[in-house]
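Report on one structure; see the data block that follows.
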Amino acid sequence: MNRKLISFDWAIKRLLRSKANFGILEGFLSELLFEDIFILEILESESNQEFFEDKYNRVDIKVKNSKEEIILIEIQYGRELDYMQRMLYGTSKVVTEHIKEGVAYSKIVKVISINILYFNFGEGDDYIYKGTTIFKGMHNHSILKLNPKQKELYKTDEIDKIYPEYYVIKVNNFNEIAKDTLDEWIYFLKTEQIESDFKAKGLAEAKEKLDYMKVDENERKRYEKFKQELHDKASTWEGTYVIGKIEGIKEGIKEKLTDTLEKEVVAFLNYKEGGIIYLGIDKDGNSIGIANLDETQLKIKDKLKHNIEPSCLGLFDMVVEKRDNKEVLKIIVASGSETPYYIKKYGMSPRGCFIRLGSASEPMSTTMIEELFSKRTRNSLGKIKSHRQDLTFEQLKIYYEARNLKLNEQFTTNLELLTEDGAFNYVAYLMADSNGTSIKVAKYDGLNKVHLIENNEYGYCSLIKATKSVLDKLELENRTATLITSKERINQRLWNPIALKEAVINAIVHNDYSHELPPVFEIYDDRLEITSSGGLSVIKNQEDFFKGYSNPINREVMRIYKDLDMVEQLGSGMNRILSFYQEKDFLLTDNYLRIIFKSNNKKIKTTQETTQETTQETTQEKIIKLLKQNKKYTKRDLMSILQRGDSTIKEHLDRLKRDGIIKRVGSTKAGYWQVLDMKEKEKDEK
């Protein structure tokens, strides 16, 4: 009976680093490369660490072959979708880390990348692949060769001997039938067993020194922990098929709700761009749906609320989407400012802290955890004690009741309105019936601040009430110019109402109140300027900001606005604004953000086509076009965009439904519009 052996991937990181055990590694490399290999040293690099939770599973080795040539070999093993890029990165890093500054490039030594993979990588049924670099003519297909001087310089006749070589060992593809000595090594890699008749170089020594029972007790405990981590990692991989979208938002796709959800959410909270997790899709990308959506959403909220620290309430959102006629759940996770986030039961440790690396959620190293903790934002509104403690919240309760959400006796705790010692925090101060915060809406005659004609202040009350007052005031100012033709009435607003609402909400919700400077709204003859405090001091990355990666500055405030349905899903506000305005309309400085909406004061013109069309035809065509662009548009959105009244839009939607051109899928709140093609229309009629 074969004795239990330590797995090769563990051994190479721990046991085989000793010179006394070099014979095992030399045997493996000699069999793979078909020449005698002698290890000179195990190289140290910033990524060549000992523990499982390190960023890279990689070992760099300096060897020489039978021709006395020096070669750098890196051995990697892992489980990642973007492993091709990881291989490229690894070889590049080996080259740059091991060449001294000022040394001629001709002195760069040969690099061989050996990748031991225990997952499905690419397509192909072989279990060992080798890749080299050749240069082939684009027209006559001739192979580029070295000239005599280059051959002398590089001491080789072939170009591919200069560039890195890649070996990919797909362990799981091996059928466990050893036909030669190299197969005997692959057999060991897959089964962790060495048969008595195996003769491959290094295996006899491996069988002796990697015997599980001969390893000391502390090493066995570490090994068992490592194996458990591998099992957990494998389960996560099987249950979570990870992809990356072109625009940079990372997505996780899960078949059903599992205990790995908190890990994925924590990784996205700690990641600078946040991310999206889809629930109800299998690992092959097929939509399978979720049987009980309401129950699942409650379970998710409960899991994330109680199992993650610091609190992530206000940093995630859930949206029901229809895919292949199945309802799936989209969980949007924002990047948090109180990193590192961690799974509560494991604490702020490598077992509890995760971060997104490429397309996988990886454990953080202790060094990374300490570094993030040292930079954690410590002036969040939830931690700032209100200078007033005589606060009441009748206005807030009314707004919640209007949404059929009743605040119970524990609402100050549930809404995170208290500091750690139980006092009202600054979020409570902003939401209270009475406070000292006032938002100004000023109006000037002309293009500058010389002639002030109105100076309105909305505040000294709940921030929710102040927000609604600002929105109402700007709605009045966003006057409509009208031209009535023989066929229809054409309306035109000063500023796009959808973008305007998003900009107002964003300015108020994401304002940096720690400096006690509320947003300011200024109306000029040719523009509207919206200025909020914070700027680059809180936004950090302009590129991420304009891509809509939501990193709420005031997480607790964001959560309340989301409860009251005053904000859409996380990260959508910027996309809505940029649908009508441009990045050049934003001014970002170190301490403030200003959005400038140019006023639409141009005289309305009509075309011959407009006067020949009927109102019904024009409006319905526009509705169909808009719904094709965004199936989630509400009736109110269509009213704002098309500048039509409630009854008019309702009439057109009803007619389009009766004619079988569109249909409503799902509920009024969470559903969407579907524009039917002829096949779908015929199917519906049947």
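Letters A, B, ... go to the chains of the structure tokens in the order shown; residues in each chain start at 1; ligands are counted from 1 in the same order.
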
**Request:** Tell me which protein, DNA and RNA residues are within 12 Å of A:Glu568, counting only C-alpha atoms, leaving out same-chain ones fewer than 2 positions away, and put them as a PyMOL selection string.
**Result:** chain A and resi 316-319+332+498+501-502+505-506+550+558-559+561-566+570-576+632-634+669-670

**Near-stretch 122-138 of chain A list (9 Å; only C-alpha atoms; drop same-chain fewer than 3 positions) as an MDAnalysis selection string** = chainID A and resid 141:145 159:175 186

Point to revise | Residue with smallest distance to A:Asn554 - pool A:Tyr426, A:Tyr341, A:Tyr672, A:Trp185, counting only C-alpha atoms | key: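 Using only C-alpha atoms, the shortest distance to A:Asn554 belongs to A:Tyr426.
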
Env of A:Tyr513: 12 Å cut, atoms = only C-alpha atoms, seq-sep filter 6 positions within chain, self excluded. Answer as a ChimeraX atom specification. /A:379-382,384,386,426-427,429-430,436-439,463,507,519,532-534,538,553-554,557,592

Open item on the list: Report as a PyMOL selection string all protein, DNA and RNA residues lying within 12 Å of A:Glu41, evaluated on only C-alpha atoms, omitting residues in the same chain fewer than 5 positions from it.
Closed with: chain A and resi 16-22+25-26+59-64+70-73

Writing out the chosen residues with N, CA and C atoms as an mmCIF file, in the first residue's frame:
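See part-v7.cif below for the written result:
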```cif
data_model
loop_
_atom_site.group_PDB
_atom_site.id
_atom_site.type_symbol
_atom_site.label_atom_id
_atom_site.label_comp_id
_atom_site.auth_asym_id
_atom_site.auth_seq_id
_atom_site.Cartn_x
_atom_site.Cartn_y
_atom_site.Cartn_z
ATOM 1 N N LEU A 16 11.063 21.836 -0.085
ATOM 2 C CA LEU A 16 12.073 21.716 -1.137
ATOM 3 C C LEU A 16 12.970 22.942 -1.256
ATOM 4 N N ARG A 17 12.759 23.935 -0.396
ATOM 5 C CA ARG A 17 13.619 25.118 -0.409
ATOM 6 C C ARG A 17 14.978 24.823 0.236
ATOM 7 N N SER A 18 15.037 23.724 0.982
ATOM 8 C CA SER A 18 16.284 23.341 1.636
ATOM 9 C C SER A 18 17.233 22.685 0.629
ATOM 10 N N LYS A 19 18.510 23.024 0.711
ATOM 11 C CA LYS A 19 19.503 22.442 -0.204
ATOM 12 C C LYS A 19 19.537 20.923 -0.096
ATOM 13 N N ALA A 20 19.221 20.420 1.086
ATOM 14 C CA ALA A 20 19.246 18.969 1.284
ATOM 15 C C ALA A 20 18.197 18.263 0.432
ATOM 16 N N ASN A 21 17.194 19.015 -0.008
ATOM 17 C CA ASN A 21 16.117 18.415 -0.801
ATOM 18 C C ASN A 21 16.133 18.855 -2.265
ATOM 19 N N PHE A 22 17.209 19.523 -2.690
ATOM 20 C CA PHE A 22 17.281 19.997 -4.076
ATOM 21 C C PHE A 22 17.169 18.853 -5.077
ATOM 22 N N LEU A 25 13.648 18.477 -6.679
ATOM 23 C CA LEU A 25 13.348 19.481 -7.707
ATOM 24 C C LEU A 25 14.188 19.258 -8.956
ATOM 25 N N GLU A 26 15.469 18.956 -8.760
ATOM 26 C CA GLU A 26 16.346 18.706 -9.909
ATOM 27 C C GLU A 26 15.830 17.541 -10.734
ATOM 28 N N VAL A 59 7.587 30.180 -7.271
ATOM 29 C CA VAL A 59 8.944 29.967 -6.781
ATOM 30 C C VAL A 59 9.910 30.226 -7.933
ATOM 31 N N ASP A 60 10.931 31.023 -7.688
ATOM 32 C CA ASP A 60 11.956 31.307 -8.696
ATOM 33 C C ASP A 60 13.228 30.536 -8.346
ATOM 34 N N ILE A 61 13.801 29.885 -9.356
ATOM 35 C CA ILE A 61 14.953 29.010 -9.127
ATOM 36 C C ILE A 61 16.050 29.344 -10.135
ATOM 37 N N LYS A 62 17.280 29.463 -9.661
ATOM 38 C CA LYS A 62 18.431 29.676 -10.532
ATOM 39 C C LYS A 62 19.135 28.339 -10.721
ATOM 40 N N VAL A 63 19.248 27.909 -11.992
ATOM 41 C CA VAL A 63 19.822 26.593 -12.268
ATOM 42 C C VAL A 63 20.877 26.702 -13.366
ATOM 43 N N LYS A 64 21.619 25.610 -13.543
ATOM 44 C CA LYS A 64 22.480 25.497 -14.723
ATOM 45 C C LYS A 64 22.232 24.129 -15.339
ATOM 46 N N ILE A 70 23.398 29.201 -17.535
ATOM 47 C CA ILE A 70 22.605 29.630 -16.383
ATOM 48 C C ILE A 70 21.179 29.929 -16.855
ATOM 49 N N ILE A 71 20.204 29.371 -16.166
ATOM 50 C CA ILE A 71 18.797 29.550 -16.541
ATOM 51 C C ILE A 71 18.002 29.920 -15.289
ATOM 52 N N LEU A 72 17.093 30.861 -15.433
ATOM 53 C CA LEU A 72 16.160 31.180 -14.347
ATOM 54 C C LEU A 72 14.849 30.451 -14.621
ATOM 55 N N ILE A 73 14.395 29.703 -13.658
ATOM 56 C CA ILE A 73 13.151 28.944 -13.817
ATOM 57 C C ILE A 73 12.139 29.433 -12.777
#
```

- Taking the backbone alone, and naming residues the way the document does, which bits of stretch 465-594 of chain A are helix (DSSP H, G or I) by DSSP, as a ChimeraX atom specification? /A:465-477,497-509,513-515,536-539,542-547,555-563,572-577,583-585

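Distances to A:Ser361 were evaluated for A:Glu583, A:Glu69, A:Asp654, A:Glu262 using only C-alpha atoms, and the minimum falls at A:Glu262.
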
What's the 12 Å shell around stretch 397-402 of chain A, counting only C-alpha atoms, without same-chain residues fewer than 3 positions away, as a ChimeraX atom specification?
/A:392-394,405-409,411-412,415,431-433,462-465,468,560-566

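Going from atom CA of A:Ser514 to atom CA of A:Asn591 covers 12.2 Å.
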
Hey, what's within 8 Å of A:Lys263 if we count only C-alpha atoms and toss same-chain stuff fewer than 4 positions away? As a PDB file with C-alpha atoms, in the first residue's frame, please?
```
ATOM      1  CA  ALA A 267     -13.282  41.218  -1.803  1.00  0.00           C
ATOM      2  CA  ILE A 343     -15.731  38.401   7.664  1.00  0.00           C
ATOM      3  CA  GLY A 352     -11.307  37.026   6.995  1.00  0.00           C
ATOM      4  CA  CYS A 353      -9.896  39.682   4.633  1.00  0.00           C
ATOM      5  CA  PHE A 354     -10.116  39.237   0.859  1.00  0.00           C
ATOM      6  CA  SER A 361     -11.085  36.785  -4.630  1.00  0.00           C
TER       7      SER A 361
END
```

Residues of stretch 395-636 of chain A classed as strand (DSSP E) by DSSP on the backbone are to be reported as a PyMOL selection string. chain A and resi 438-444+452-459+480-484+489-493+520-523+527-533+586-588+592-598

Residue nearest A:Tyr458 among A:Ile281, A:Leu40, A:Ile624, A:Val520 (counting only C-alpha atoms)
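Using only C-alpha atoms, A:Tyr458 sits closest to A:Val520.
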
I'd like the neighbourhood of A:Asp445 as a list in words, where a residue qualifies if any of its atoms comes within 8 Å (using only C-alpha atoms), though same-chain residues fewer than 4 positions away should be ignored.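 Surrounding residues, per the criterion: Val450, His451, Leu452, Ile453, Tyr524 and Asp525 of chain A.
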
Computed gap from atom CA of A:Asp390 to atom CA of A:Val567 is 28.9 Å

What does the distance from atom CA of A:Glu457 to atom CA of A:Val470 come to in Å, to one decimal?
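These two atoms are separated by 8.9 Å.
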